[in-house]
Structures are given as structure tokens and as C-alpha cells.
file protein14.cif (mmCIF, C-alpha atoms)
data_target
loop_
_atom_site.group_PDB
_atom_site.id
_atom_site.type_symbol
_atom_site.label_atom_id
_atom_site.label_comp_id
_atom_site.auth_asym_id
_atom_site.auth_seq_id
_atom_site.Cartn_x
_atom_site.Cartn_y
_atom_site.Cartn_z
ATOM 1 C CA MET E 1 -12.152 10.341 -15.005
ATOM 2 C CA ALA E 2 -13.892 7.481 -16.741
ATOM 3 C CA LYS E 3 -17.672 7.363 -16.700
ATOM 4 C CA GLN E 4 -19.299 6.072 -13.549
ATOM 5 C CA LEU E 5 -19.548 2.294 -13.186
ATOM 6 C CA TYR E 6 -22.735 0.790 -11.723
ATOM 7 C CA TRP E 7 -23.079 -2.529 -9.960
ATOM 8 C CA GLU E 8 -25.621 -3.703 -12.532
ATOM 9 C CA ASP E 9 -23.070 -3.168 -15.337
ATOM 10 C CA ILE E 10 -20.746 -5.847 -13.998
ATOM 11 C CA GLU E 11 -20.775 -9.635 -14.059
ATOM 12 C CA VAL E 12 -18.493 -12.190 -12.443
ATOM 13 C CA ASP E 13 -15.368 -12.799 -14.574
ATOM 14 C CA ASP E 14 -15.516 -9.263 -15.997
ATOM 15 C CA GLU E 15 -12.156 -7.605 -16.354
ATOM 16 C CA VAL E 16 -10.990 -4.553 -14.420
ATOM 17 C CA THR E 17 -9.804 -1.948 -16.952
ATOM 18 C CA PRO E 18 -6.017 -2.532 -17.021
ATOM 19 C CA LEU E 19 -3.556 0.175 -16.012
ATOM 20 C CA ALA E 20 0.002 0.395 -17.378
ATOM 21 C CA LYS E 21 2.834 1.559 -15.126
ATOM 22 C CA VAL E 22 6.532 2.140 -15.573
ATOM 23 C CA ALA E 23 8.688 1.991 -12.462
ATOM 24 C CA THR E 24 11.793 4.133 -12.817
ATOM 25 C CA THR E 25 14.535 4.972 -10.363
ATOM 26 C CA GLN E 26 13.031 8.475 -10.384
ATOM 27 C CA MET E 27 9.625 7.139 -9.373
ATOM 28 C CA LEU E 28 11.241 5.233 -6.495
ATOM 29 C CA VAL E 29 12.874 8.419 -5.235
ATOM 30 C CA LYS E 30 9.556 10.254 -5.396
ATOM 31 C CA TRP E 31 7.763 7.387 -3.679
ATOM 32 C CA ALA E 32 10.329 7.271 -0.865
ATOM 33 C CA GLY E 33 9.812 10.970 -0.238
ATOM 34 C CA ALA E 34 6.026 10.843 -0.512
ATOM 35 C CA SER E 35 5.475 7.679 1.528
ATOM 36 C CA GLY E 36 8.220 7.958 4.128
ATOM 37 C CA ASP E 37 9.795 4.615 3.262
ATOM 38 C CA PHE E 38 13.517 5.321 3.359
ATOM 39 C CA ASN E 39 14.728 1.730 3.391
ATOM 40 C CA PRO E 40 18.077 1.750 1.495
ATOM 41 C CA LEU E 41 16.963 -1.512 -0.131
ATOM 42 C CA HIS E 42 15.294 0.770 -2.673
ATOM 43 C CA TYR E 43 18.202 3.048 -3.562
ATOM 44 C CA GLU E 44 21.565 1.642 -2.521
ATOM 45 C CA ASP E 45 23.321 -1.026 -4.601
ATOM 46 C CA THR E 46 25.588 -2.412 -1.900
ATOM 47 C CA PHE E 47 22.864 -2.626 0.709
ATOM 48 C CA ALA E 48 20.411 -4.230 -1.738
ATOM 49 C CA ALA E 49 23.056 -6.823 -2.621
ATOM 50 C CA SER E 50 23.597 -7.565 1.086
ATOM 51 C CA GLN E 51 19.854 -8.230 1.433
ATOM 52 C CA GLY E 52 19.951 -10.900 -1.249
ATOM 53 C CA VAL E 53 17.983 -9.075 -3.959
ATOM 54 C CA GLY E 54 20.950 -8.091 -6.127
ATOM 55 C CA LYS E 55 20.163 -4.443 -6.727
ATOM 56 C CA PRO E 56 17.598 -1.847 -5.573
ATOM 57 C CA VAL E 57 14.019 -3.095 -5.914
ATOM 58 C CA VAL E 58 10.656 -1.411 -6.451
ATOM 59 C CA HIS E 59 8.876 -0.733 -3.131
ATOM 60 C CA GLY E 60 6.139 -3.283 -2.505
ATOM 61 C CA ARG E 61 3.871 -0.537 -1.255
ATOM 62 C CA LEU E 62 4.402 1.399 -4.478
ATOM 63 C CA LYS E 63 3.082 -1.572 -6.438
ATOM 64 C CA GLY E 64 0.256 -1.710 -3.902
ATOM 65 C CA ALA E 65 -0.523 1.960 -4.594
ATOM 66 C CA TRP E 66 -0.674 1.191 -8.333
ATOM 67 C CA LEU E 67 -3.238 -1.508 -7.580
ATOM 68 C CA VAL E 68 -5.269 0.940 -5.499
ATOM 69 C CA GLN E 69 -5.206 3.332 -8.456
ATOM 70 C CA LEU E 70 -6.271 0.496 -10.778
ATOM 71 C CA VAL E 71 -9.339 -0.096 -8.633
ATOM 72 C CA THR E 72 -10.265 3.508 -7.807
ATOM 73 C CA GLU E 73 -10.077 4.536 -11.482
ATOM 74 C CA TRP E 74 -12.255 1.605 -12.455
ATOM 75 C CA ILE E 75 -14.961 2.090 -9.790
ATOM 76 C CA GLY E 76 -15.123 5.849 -10.339
ATOM 77 C CA GLU E 77 -15.916 8.595 -7.910
ATOM 78 C CA GLN E 78 -19.163 7.094 -6.616
ATOM 79 C CA GLY E 79 -17.491 3.781 -5.847
ATOM 80 C CA PHE E 80 -15.790 2.993 -2.540
ATOM 81 C CA LEU E 81 -12.783 0.744 -1.997
ATOM 82 C CA LYS E 82 -13.693 -1.243 1.089
ATOM 83 C CA LYS E 83 -10.922 -3.815 1.380
ATOM 84 C CA PHE E 84 -7.580 -4.096 -0.260
ATOM 85 C CA SER E 85 -4.693 -6.510 0.115
ATOM 86 C CA CYS E 86 -1.650 -7.607 -1.816
ATOM 87 C CA ARG E 87 1.400 -9.779 -1.376
ATOM 88 C CA PHE E 88 4.843 -8.862 -2.582
ATOM 89 C CA ARG E 89 5.583 -12.242 -4.123
ATOM 90 C CA THR E 90 8.464 -11.399 -6.452
ATOM 91 C CA VAL E 91 10.726 -8.373 -6.542
ATOM 92 C CA ASP E 92 10.757 -5.949 -9.474
ATOM 93 C CA TYR E 93 13.591 -3.735 -10.655
ATOM 94 C CA PRO E 94 13.011 -0.170 -11.859
ATOM 95 C CA ARG E 95 14.055 1.159 -15.254
ATOM 96 C CA LEU E 96 17.057 3.465 -15.178
ATOM 97 C CA MET E 97 16.838 7.041 -16.425
ATOM 98 C CA LYS E 98 18.028 8.168 -19.838
ATOM 99 C CA THR E 99 17.484 11.916 -19.407
ATOM 100 C CA TRP E 100 16.400 13.991 -16.430
ATOM 101 C CA ASN E 101 12.796 13.003 -17.009
ATOM 102 C CA GLU E 102 12.773 10.093 -19.484
ATOM 103 C CA SER E 103 13.495 6.498 -18.652
ATOM 104 C CA GLN E 104 15.497 4.042 -20.657
ATOM 105 C CA GLU E 105 13.748 1.356 -22.658
ATOM 106 C CA GLY E 106 12.668 -1.569 -20.548
ATOM 107 C CA GLU E 107 9.851 -3.225 -18.741
ATOM 108 C CA THR E 108 6.270 -1.979 -18.589
ATOM 109 C CA TRP E 109 4.138 -3.320 -15.772
ATOM 110 C CA TRP E 110 0.420 -3.998 -16.107
ATOM 111 C CA CYS E 111 -2.044 -3.774 -13.270
ATOM 112 C CA LYS E 112 -4.996 -6.031 -13.964
ATOM 113 C CA GLY E 113 -8.000 -7.529 -12.259
ATOM 114 C CA LYS E 114 -11.016 -9.761 -12.547
ATOM 115 C CA VAL E 115 -14.374 -9.833 -10.724
ATOM 116 C CA THR E 116 -14.746 -13.010 -8.667
ATOM 117 C CA LYS E 117 -17.973 -12.357 -6.735
ATOM 118 C CA LYS E 118 -20.991 -10.077 -6.994
ATOM 119 C CA TYR E 119 -23.325 -9.709 -4.003
ATOM 120 C CA VAL E 120 -25.375 -7.430 -1.775
ATOM 121 C CA GLU E 121 -24.379 -7.220 1.871
ATOM 122 C CA ASP E 122 -25.993 -4.984 4.486
ATOM 123 C CA GLY E 123 -27.726 -3.124 1.655
ATOM 124 C CA GLU E 124 -24.397 -2.409 -0.064
ATOM 125 C CA HIS E 125 -23.717 -3.495 -3.628
ATOM 126 C CA CYS E 126 -20.356 -5.214 -3.516
ATOM 127 C CA LEU E 127 -17.856 -6.873 -5.805
ATOM 128 C CA ASP E 128 -14.839 -8.962 -4.881
ATOM 129 C CA CYS E 129 -11.956 -8.827 -7.309
ATOM 130 C CA GLU E 130 -8.659 -10.526 -7.825
ATOM 131 C CA ILE E 131 -6.066 -7.937 -8.739
ATOM 132 C CA TRP E 132 -2.431 -8.224 -9.640
ATOM 133 C CA VAL E 133 0.664 -6.597 -11.107
ATOM 134 C CA GLU E 134 2.355 -8.319 -14.051
ATOM 135 C CA ASN E 135 5.954 -7.631 -14.977
ATOM 136 C CA GLY E 136 7.233 -7.220 -18.551
ATOM 137 C CA LYS E 137 7.353 -11.000 -19.007
ATOM 138 C CA GLY E 138 3.706 -11.351 -18.012
ATOM 139 C CA GLU E 139 4.564 -12.907 -14.640
ATOM 140 C CA VAL E 140 2.442 -11.956 -11.622
ATOM 141 C CA THR E 141 4.774 -10.349 -9.077
ATOM 142 C CA THR E 142 2.143 -8.794 -6.824
ATOM 143 C CA PRO E 143 -1.149 -10.654 -6.397
ATOM 144 C CA GLY E 144 -3.958 -9.168 -4.349
ATOM 145 C CA ASN E 145 -7.645 -8.815 -3.638
ATOM 146 C CA ALA E 146 -10.095 -5.947 -3.438
ATOM 147 C CA THR E 147 -13.663 -5.531 -2.260
ATOM 148 C CA VAL E 148 -15.527 -2.524 -3.623
ATOM 149 C CA ILE E 149 -18.942 -0.964 -3.128
ATOM 150 C CA LEU E 150 -20.577 0.409 -6.265
ATOM 151 C CA PRO E 151 -23.610 2.600 -6.739
ATOM 152 C CA SER E 152 -26.722 0.770 -7.877
ATOM 153 C CA ARG E 153 -29.272 1.867 -10.441
ATOM 154 C CA GLY E 154 -31.741 0.686 -7.844
ATOM 155 C CA MET H 1 10.209 -22.587 17.478
ATOM 156 C CA LEU H 2 10.884 -18.939 18.052
ATOM 157 C CA PRO H 3 12.546 -18.087 21.356
ATOM 158 C CA GLU H 4 10.754 -16.132 24.066
ATOM 159 C CA GLU H 5 12.979 -13.094 23.422
ATOM 160 C CA VAL H 6 11.176 -12.863 20.063
ATOM 161 C CA THR H 7 7.644 -14.018 20.929
ATOM 162 C CA LYS H 8 7.464 -11.628 23.899
ATOM 163 C CA PHE H 9 6.916 -8.857 21.324
ATOM 164 C CA ILE H 10 3.532 -10.290 20.286
ATOM 165 C CA GLY H 11 0.903 -7.866 21.538
ATOM 166 C CA GLN H 12 3.487 -5.180 22.155
ATOM 167 C CA GLY H 13 3.588 -1.797 20.584
ATOM 168 C CA GLY H 14 0.442 0.073 21.416
ATOM 169 C CA ASP H 15 2.326 3.174 20.410
ATOM 170 C CA VAL H 16 0.129 6.031 19.326
ATOM 171 C CA ARG H 17 1.070 8.497 16.636
ATOM 172 C CA ILE H 18 -0.767 11.530 15.353
ATOM 173 C CA PHE H 19 -0.956 11.883 11.571
ATOM 174 C CA GLU H 20 -1.841 15.096 9.783
ATOM 175 C CA VAL H 21 -3.363 14.776 6.324
ATOM 176 C CA GLU H 22 -2.123 17.791 4.426
ATOM 177 C CA LYS H 23 -3.236 18.538 0.901
ATOM 178 C CA GLY H 24 0.374 19.067 -0.191
ATOM 179 C CA ALA H 25 1.269 15.604 1.087
ATOM 180 C CA ILE H 26 -1.717 14.136 -0.792
ATOM 181 C CA ARG H 27 -0.566 15.759 -4.026
ATOM 182 C CA LYS H 28 3.006 14.587 -3.501
ATOM 183 C CA PHE H 29 1.788 11.043 -2.939
ATOM 184 C CA ALA H 30 -0.489 11.104 -6.004
ATOM 185 C CA ASP H 31 2.330 12.589 -8.062
ATOM 186 C CA ALA H 32 4.753 9.834 -7.005
ATOM 187 C CA ILE H 33 2.512 7.163 -8.526
ATOM 188 C CA ASN H 34 1.346 9.413 -11.357
ATOM 189 C CA ASP H 35 -2.319 9.429 -10.372
ATOM 190 C CA ARG H 36 -4.121 12.480 -11.807
ATOM 191 C CA ASN H 37 -7.476 11.888 -10.122
ATOM 192 C CA PRO H 38 -8.850 15.447 -9.623
ATOM 193 C CA LEU H 39 -10.037 14.500 -6.122
ATOM 194 C CA TYR H 40 -6.350 14.584 -5.121
ATOM 195 C CA TRP H 41 -5.424 17.674 -7.110
ATOM 196 C CA ASP H 42 -8.265 20.125 -7.668
ATOM 197 C CA GLU H 43 -9.745 21.610 -4.488
ATOM 198 C CA GLU H 44 -12.621 23.271 -6.300
ATOM 199 C CA TYR H 45 -13.537 20.030 -8.049
ATOM 200 C CA ALA H 46 -13.232 18.052 -4.824
ATOM 201 C CA ARG H 47 -15.422 20.527 -2.909
ATOM 202 C CA LYS H 48 -18.265 19.936 -5.358
ATOM 203 C CA SER H 49 -17.803 16.143 -5.248
ATOM 204 C CA ARG H 50 -19.657 13.780 -2.901
ATOM 205 C CA TYR H 51 -16.727 14.100 -0.481
ATOM 206 C CA GLY H 52 -16.959 17.878 -0.131
ATOM 207 C CA ALA H 53 -13.166 18.148 0.147
ATOM 208 C CA MET H 54 -9.922 16.789 -1.229
ATOM 209 C CA VAL H 55 -9.454 13.170 -0.171
ATOM 210 C CA ALA H 56 -6.372 11.037 0.388
ATOM 211 C CA PRO H 57 -5.775 8.080 -1.949
ATOM 212 C CA PRO H 58 -6.782 4.897 -0.074
ATOM 213 C CA GLY H 59 -3.728 3.662 1.807
ATOM 214 C CA PHE H 60 -2.278 7.117 2.348
ATOM 215 C CA PHE H 61 -2.637 8.412 5.879
ATOM 216 C CA GLY H 62 -0.645 11.644 5.815
ATOM 217 C CA TRP H 63 2.404 12.218 7.942
ATOM 218 C CA PRO H 64 3.024 11.773 11.662
ATOM 219 C CA THR H 65 3.524 15.032 13.532
ATOM 220 C CA LYS H 66 6.755 13.626 14.875
ATOM 221 C CA TRP H 67 8.826 10.544 14.437
ATOM 222 C CA THR H 68 12.352 9.539 15.204
ATOM 223 C CA GLY H 69 14.453 9.013 12.108
ATOM 224 C CA GLY H 70 14.517 6.140 9.681
ATOM 225 C CA SER H 71 10.952 5.556 8.667
ATOM 226 C CA VAL H 72 7.571 6.968 9.572
ATOM 227 C CA PHE H 73 6.339 3.438 10.245
ATOM 228 C CA THR H 74 8.762 1.984 12.738
ATOM 229 C CA SER H 75 8.063 2.097 16.431
ATOM 230 C CA GLU H 76 10.431 1.423 19.304
ATOM 231 C CA ALA H 77 9.104 -2.122 19.787
ATOM 232 C CA THR H 78 9.388 -2.904 16.058
ATOM 233 C CA ARG H 79 12.962 -1.703 15.990
ATOM 234 C CA GLU H 80 13.890 -3.778 19.046
ATOM 235 C CA LEU H 81 12.216 -6.834 17.543
ATOM 236 C CA SER H 82 14.085 -6.407 14.251
ATOM 237 C CA ASP H 83 17.393 -6.010 16.080
ATOM 238 C CA THR H 84 16.703 -9.130 18.133
ATOM 239 C CA LEU H 85 15.964 -11.132 14.991
ATOM 240 C CA ARG H 86 19.054 -9.762 13.269
ATOM 241 C CA LYS H 87 21.230 -10.989 16.172
ATOM 242 C CA LEU H 88 19.614 -14.416 15.826
ATOM 243 C CA GLY H 89 20.719 -14.592 12.193
ATOM 244 C CA TYR H 90 17.650 -13.204 10.412
ATOM 245 C CA GLY H 91 19.655 -10.385 8.884
ATOM 246 C CA ARG H 92 17.718 -9.827 5.690
ATOM 247 C CA GLY H 93 14.445 -7.949 5.629
ATOM 248 C CA LEU H 94 11.744 -7.486 3.001
ATOM 249 C CA ALA H 95 8.163 -6.239 3.069
ATOM 250 C CA GLY H 96 5.807 -9.173 2.580
ATOM 251 C CA GLY H 97 2.469 -7.544 1.923
ATOM 252 C CA VAL H 98 -0.293 -5.295 3.134
ATOM 253 C CA GLU H 99 -3.987 -5.565 3.961
ATOM 254 C CA CYS H 100 -6.269 -2.582 4.458
ATOM 255 C CA GLU H 101 -9.865 -2.134 5.403
ATOM 256 C CA PHE H 102 -11.423 1.275 4.826
ATOM 257 C CA PHE H 103 -14.456 2.490 6.742
ATOM 258 C CA GLN H 104 -14.610 6.178 5.819
ATOM 259 C CA PRO H 105 -12.884 8.482 3.375
ATOM 260 C CA ILE H 106 -9.890 10.411 4.704
ATOM 261 C CA ARG H 107 -10.040 14.102 3.824
ATOM 262 C CA ALA H 108 -7.402 16.805 3.575
ATOM 263 C CA GLY H 109 -7.228 18.545 6.940
ATOM 264 C CA ASP H 110 -8.054 15.418 8.945
ATOM 265 C CA THR H 111 -5.987 14.546 11.988
ATOM 266 C CA LEU H 112 -5.652 10.809 12.469
ATOM 267 C CA THR H 113 -4.705 8.890 15.567
ATOM 268 C CA ALA H 114 -2.788 5.755 14.619
ATOM 269 C CA THR H 115 -2.369 2.952 17.142
ATOM 270 C CA THR H 116 -0.051 0.106 16.182
ATOM 271 C CA VAL H 117 0.412 -3.300 17.761
ATOM 272 C CA ILE H 118 2.524 -6.293 16.815
ATOM 273 C CA LYS H 119 -0.277 -8.792 16.141
ATOM 274 C CA ASN H 120 1.755 -11.878 15.447
ATOM 275 C CA ILE H 121 5.214 -13.259 14.794
ATOM 276 C CA VAL H 122 5.425 -16.602 13.015
ATOM 277 C CA GLU H 123 8.213 -18.687 11.615
ATOM 278 C CA ARG H 124 7.881 -20.500 8.296
ATOM 279 C CA GLU H 125 10.129 -22.643 6.179
ATOM 280 C CA GLY H 126 10.801 -20.941 2.845
ATOM 281 C CA ARG H 127 12.728 -21.922 -0.260
ATOM 282 C CA THR H 128 15.847 -20.265 1.131
ATOM 283 C CA GLY H 129 15.494 -21.410 4.717
ATOM 284 C CA LYS H 130 13.684 -20.145 7.786
ATOM 285 C CA MET H 131 11.708 -16.905 7.552
ATOM 286 C CA VAL H 132 10.018 -14.897 10.270
ATOM 287 C CA PHE H 133 6.782 -13.062 9.451
ATOM 288 C CA ILE H 134 6.012 -10.007 11.556
ATOM 289 C CA ILE H 135 2.409 -8.832 11.314
ATOM 290 C CA ARG H 136 1.665 -5.355 12.627
ATOM 291 C CA GLU H 137 -1.775 -3.807 12.747
ATOM 292 C CA THR H 138 -2.511 -0.098 12.794
ATOM 293 C CA THR H 139 -5.927 1.330 13.584
ATOM 294 C CA TYR H 140 -6.645 4.853 12.366
ATOM 295 C CA THR H 141 -9.344 7.071 13.833
ATOM 296 C CA ASN H 142 -10.067 10.661 12.838
ATOM 297 C CA GLN H 143 -10.682 13.842 14.838
ATOM 298 C CA ASP H 144 -14.361 12.878 15.275
ATOM 299 C CA ASP H 145 -13.306 9.518 16.774
ATOM 300 C CA ASP H 146 -14.626 7.713 13.703
ATOM 301 C CA LEU H 147 -12.742 4.557 12.780
ATOM 302 C CA VAL H 148 -11.423 5.307 9.277
ATOM 303 C CA ALA H 149 -9.094 2.407 8.476
ATOM 304 C CA LYS H 150 -7.293 -0.681 9.681
ATOM 305 C CA GLU H 151 -4.034 -1.681 8.099
ATOM 306 C CA ARG H 152 -1.917 -4.797 8.511
ATOM 307 C CA ARG H 153 1.645 -4.779 7.279
ATOM 308 C CA ILE H 154 3.631 -7.955 6.897
ATOM 309 C CA PHE H 155 7.403 -7.797 7.194
ATOM 310 C CA ILE H 156 9.669 -10.757 6.586
ATOM 311 C CA GLN H 157 13.107 -11.314 8.101
ATOM 312 C CA ARG H 158 15.196 -14.221 6.930
#

call {"tool": "encode", "arguments": {"input": "protein14.cif", "output": "C-alpha cells"}}
result
Amino acid sequence: MAKQLYWEDIEVDDEVTPLAKVATTQMLVKWAGASGDFNPLHYEDTFAASQGVGKPVVHGRLKGAWLVQLVTEWIGEQGFLKKFSCRFRTVDYPRLMKTWNESQEGETWWCKGKVTKKYVEDGEHCLDCEIWVENGKGEVTTPGNATVILPSRG
Amino acid sequence: MLPEEVTKFIGQGGDVRIFEVEKGAIRKFADAINDRNPLYWDEEYARKSRYGAMVAPPGFFGWPTKWTGGSVFTSEATRELSDTLRKLGYGRGLAGGVECEFFQPIRAGDTLTATTVIKNIVEREGRTGKMVFIIRETTYTNQDDDLVAKERRIFIQR
């Protein structure tokens, strides 16, 4: 884990340390099993086409879980994620697999964020952040917000 | 305007499910997103941490002790509502977003009580025509009756 972040270390407009992710069809299968989301929209071509998205799409909640990881890695073990939200604005399509464990070439997604507010509330040292997932073209597909509590040097 | 056969579902649900937070399920979840945080993987490490035990990644609530096919999230009322909307021509569905508020960490071994209600159903005009937003809220409490999280899921049918 990265070294512990303290509230005093951060200013408004500071960047959240970015996190790269690659969605693959294999990751979608694992996510379905681990999360319990068995909507065929995420694994069946014909059904996905009937839903107007063309082909199977990355689970919104999976992208949400990436954003949670972005924030929890950044705030470190002594930090606490208080509020989290995101909207599934645009669909994303996973990379296909080349071998049993390697994906084909393709898109890499970046989870990013920026501090928008720094304040103390009820004795807790808080930050509000804008967070988002960018696709390979740099377009934001999944915008969101997070509120975190950080330890203070006092 | 949405018809009464749709709006009558607002406030419905109230179904209660029991979730068990197993360490194997935590690891499987962390593995699916490729998160190697030792709090999700290493029991010894987690025991010595401020949490005193393995924790669940925020947004993961374990698995219900029983559920009836399909998805772990859908309740009877949600299914009926979706079917009603489908018959009215809103045949396409897509998750719209999620909002969570966390009050306490969730630890491996916790048993959560999850109560879900349909908070709101609203119709909006989108680029591709009319869309219906279904907002469901789940409240999670643990075995000590502590409120641990609130979660709102937005589902869109169009």
C-alpha cells in the first residue's frame, strides 16, 4: 500500500493518484460471479443487441468498484470512504481475450479524480472529490463523487 | 405521466434479506477487480490493522443467505415493476448509477440485514425518447444493529 495520506497534505484541486484498468471479457465473467449481477446484457451478444447497446457492455457497478479502489488506495488504510456515487453515463466494451489469461490489444481505462473541497465537519477532516472513469479516447464514461475522511496530523 | 399501475410501486418493497460477509466472497470480489489491498487478502495483516479483521471493499455487502434466481438484488416488487414497464413498452433496461453512504466498516464474519424499498419512479425525456428511472434504496445494518451503509441504485427502463 502507498504511504498514508494526511488531510494537511492535500489542497483543493489536487489530483487523486490515477489508477489504470483494463476491462476484459474475463473480468466481466469474474465480476458477474463475484457480485451476483447475472444480467445477460454483459455476456450475450443477441440480448445486448436487443437492448440497444450493440454488444455486451462492462457492468456499471464494476466501473464503480474501480472508482472505489481508486479512492481507497489513495486515502490509505487510515482513511475512510464516507460517501460515494457515480453515474453510468456512457457504455464501455471489454477487450476480448487473446490467450486464456491475456487480453487482446485495445482500450485502457483510467480512473482519475480531483479534490473539490477541504473542510472539517463534526471534528472529522473531510475532502470532497470529483472522480471519473475515462475510456481509451479520454472521454468520461462514468462520472462520480466521493467524500473521504482522512487522519489529521493534529 | 406514469400510470397508477407503475406509480403504485413507490414505497413498496420493504423486503428484508440477510447477507453473510464471508472472507472467501471478499477475496473473490477483490480478485474480480484486481484489487490486492492486503485488508481483503491477508487475515494476519488485517488482524493487526485498525480494523482488527478482514474488511469488505466499500460497496460489497456479501451474499444473501437465500435468493430466488436471476440476481441477488431483485426483489418481488422490483420484478413486478419491471414487467409492468416492459408491457408498457419500456423494454430496454440499463443500470443508471449508484450512490452509497458508509457509516461503519463491514468486516468478514458480519451478518447484515438489508431492507430495500422503491424510493421513487420518475419519467424523463431522453435523447432516444421516454425513460423511466427507478430508484431503490437499501439500508444495511449489522449483527449489533449498527447502521453500516445506505445504498441507492438507479435503474433505467426505456

call {"tool": "closest_residue", "arguments": {"input": "protein14.cif", "among": "H:Cys100, H:Arg107, H:Thr113, H:Glu76", "to": "H:Arg50", "atoms": "all atoms listed in the file"}}
result
H:Arg107

call {"tool": "closest_residue", "arguments": {"input": "protein14.cif", "among": "H:Met1, H:Val6, H:Ile26, H:Ala56", "to": "chain E", "atoms": "all atoms listed in the file"}}
result
H:Ile26

call {"tool": "residues_around", "arguments": {"input": "protein14.cif", "residues": "E:Asp13", "least_positions_apart": "3", "cutoff": "7 Å", "atoms": "only C-alpha atoms", "output": "ChimeraX atom specification"}}
result
/E:114-116

call {"tool": "atom_distance", "arguments": {"input": "protein14.cif", "atom1": "atom CA of E:Arg89", "atom2": "atom CA of E:Lys137"}}
result
15.0 Å

call {"tool": "closest_residue", "arguments": {"input": "protein14.cif", "among": "E:Asp128, E:Glu77, E:Glu107, E:Glu139", "to": "chain H", "atoms": "all atoms listed in the file"}}
result
E:Glu77

call {"tool": "resolve_selection", "arguments": {"input": "protein14.cif", "expression": "the PyMOL selection byres ((chain E) within 8 of (chain H))", "output": "number ranges by chain"}}
result
E: 1, 27-28, 30-31, 34-39, 50-52, 60-62, 64-66, 68-69, 73, 78, 81-89

call {"tool": "write_last_selection", "arguments": {"input": "protein14.cif", "atoms": "C-alpha atoms", "output": "compact mmCIF listing (two decimals), in the coordinates of the input"}}
result
# COMPACT_ATOMS: atom_id res chain seq x y z
CA MET E 1 -12.15 10.34 -15.00
CA MET E 27 9.62 7.14 -9.37
CA LEU E 28 11.24 5.23 -6.50
CA LYS E 30 9.56 10.25 -5.40
CA TRP E 31 7.76 7.39 -3.68
CA ALA E 34 6.03 10.84 -0.51
CA SER E 35 5.48 7.68 1.53
CA GLY E 36 8.22 7.96 4.13
CA ASP E 37 9.80 4.62 3.26
CA PHE E 38 13.52 5.32 3.36
CA ASN E 39 14.73 1.73 3.39
CA SER E 50 23.60 -7.56 1.09
CA GLN E 51 19.85 -8.23 1.43
CA GLY E 52 19.95 -10.90 -1.25
CA GLY E 60 6.14 -3.28 -2.50
CA ARG E 61 3.87 -0.54 -1.25
CA LEU E 62 4.40 1.40 -4.48
CA GLY E 64 0.26 -1.71 -3.90
CA ALA E 65 -0.52 1.96 -4.59
CA TRP E 66 -0.67 1.19 -8.33
CA VAL E 68 -5.27 0.94 -5.50
CA GLN E 69 -5.21 3.33 -8.46
CA GLU E 73 -10.08 4.54 -11.48
CA GLN E 78 -19.16 7.09 -6.62
CA LEU E 81 -12.78 0.74 -2.00
CA LYS E 82 -13.69 -1.24 1.09
CA LYS E 83 -10.92 -3.82 1.38
CA PHE E 84 -7.58 -4.10 -0.26
CA SER E 85 -4.69 -6.51 0.12
CA CYS E 86 -1.65 -7.61 -1.82
CA ARG E 87 1.40 -9.78 -1.38
CA PHE E 88 4.84 -8.86 -2.58
CA ARG E 89 5.58 -12.24 -4.12

call {"tool": "atom_distance", "arguments": {"input": "protein14.cif", "atom1": "atom CA of H:Glu20", "atom2": "atom CA of H:Ile106"}}
result
10.6 Å

call {"tool": "decode", "arguments": {"input": "protein14.cif", "residues": "stretch 37-63 of chain H", "atoms": "C-alpha atoms", "output": "compact mmCIF listing (two decimals), in the first residue's frame"}}
result
# COMPACT_ATOMS: atom_id res chain seq x y z
CA ASN H 37 -5.23 -4.48 -0.81
CA PRO H 38 -3.98 -6.80 1.99
CA LEU H 39 -7.01 -5.88 4.11
CA TYR H 40 -9.04 -8.05 1.70
CA TRP H 41 -6.49 -10.84 1.37
CA ASP H 42 -4.22 -11.30 4.38
CA GLU H 43 -6.02 -12.22 7.60
CA GLU H 44 -2.93 -11.82 9.74
CA TYR H 45 -2.25 -8.37 8.31
CA ALA H 46 -5.88 -7.35 8.70
CA ARG H 47 -5.99 -8.53 12.33
CA LYS H 48 -3.14 -6.18 13.21
CA SER H 49 -4.73 -3.27 11.30
CA ARG H 50 -7.04 -0.65 12.83
CA TYR H 51 -9.99 -2.82 11.76
CA GLY H 52 -8.89 -5.91 13.69
CA ALA H 53 -10.24 -8.18 10.94
CA MET H 54 -10.54 -8.57 7.20
CA VAL H 55 -12.90 -5.95 5.79
CA ALA H 56 -15.13 -5.88 2.72
CA PRO H 57 -14.31 -3.38 -0.05
CA PRO H 58 -16.77 -0.46 0.26
CA GLY H 59 -19.83 -1.32 -1.81
CA PHE H 60 -19.54 -5.05 -1.25
CA PHE H 61 -22.08 -6.46 1.17
CA GLY H 62 -21.51 -10.20 0.93
CA TRP H 63 -24.14 -12.61 -0.26
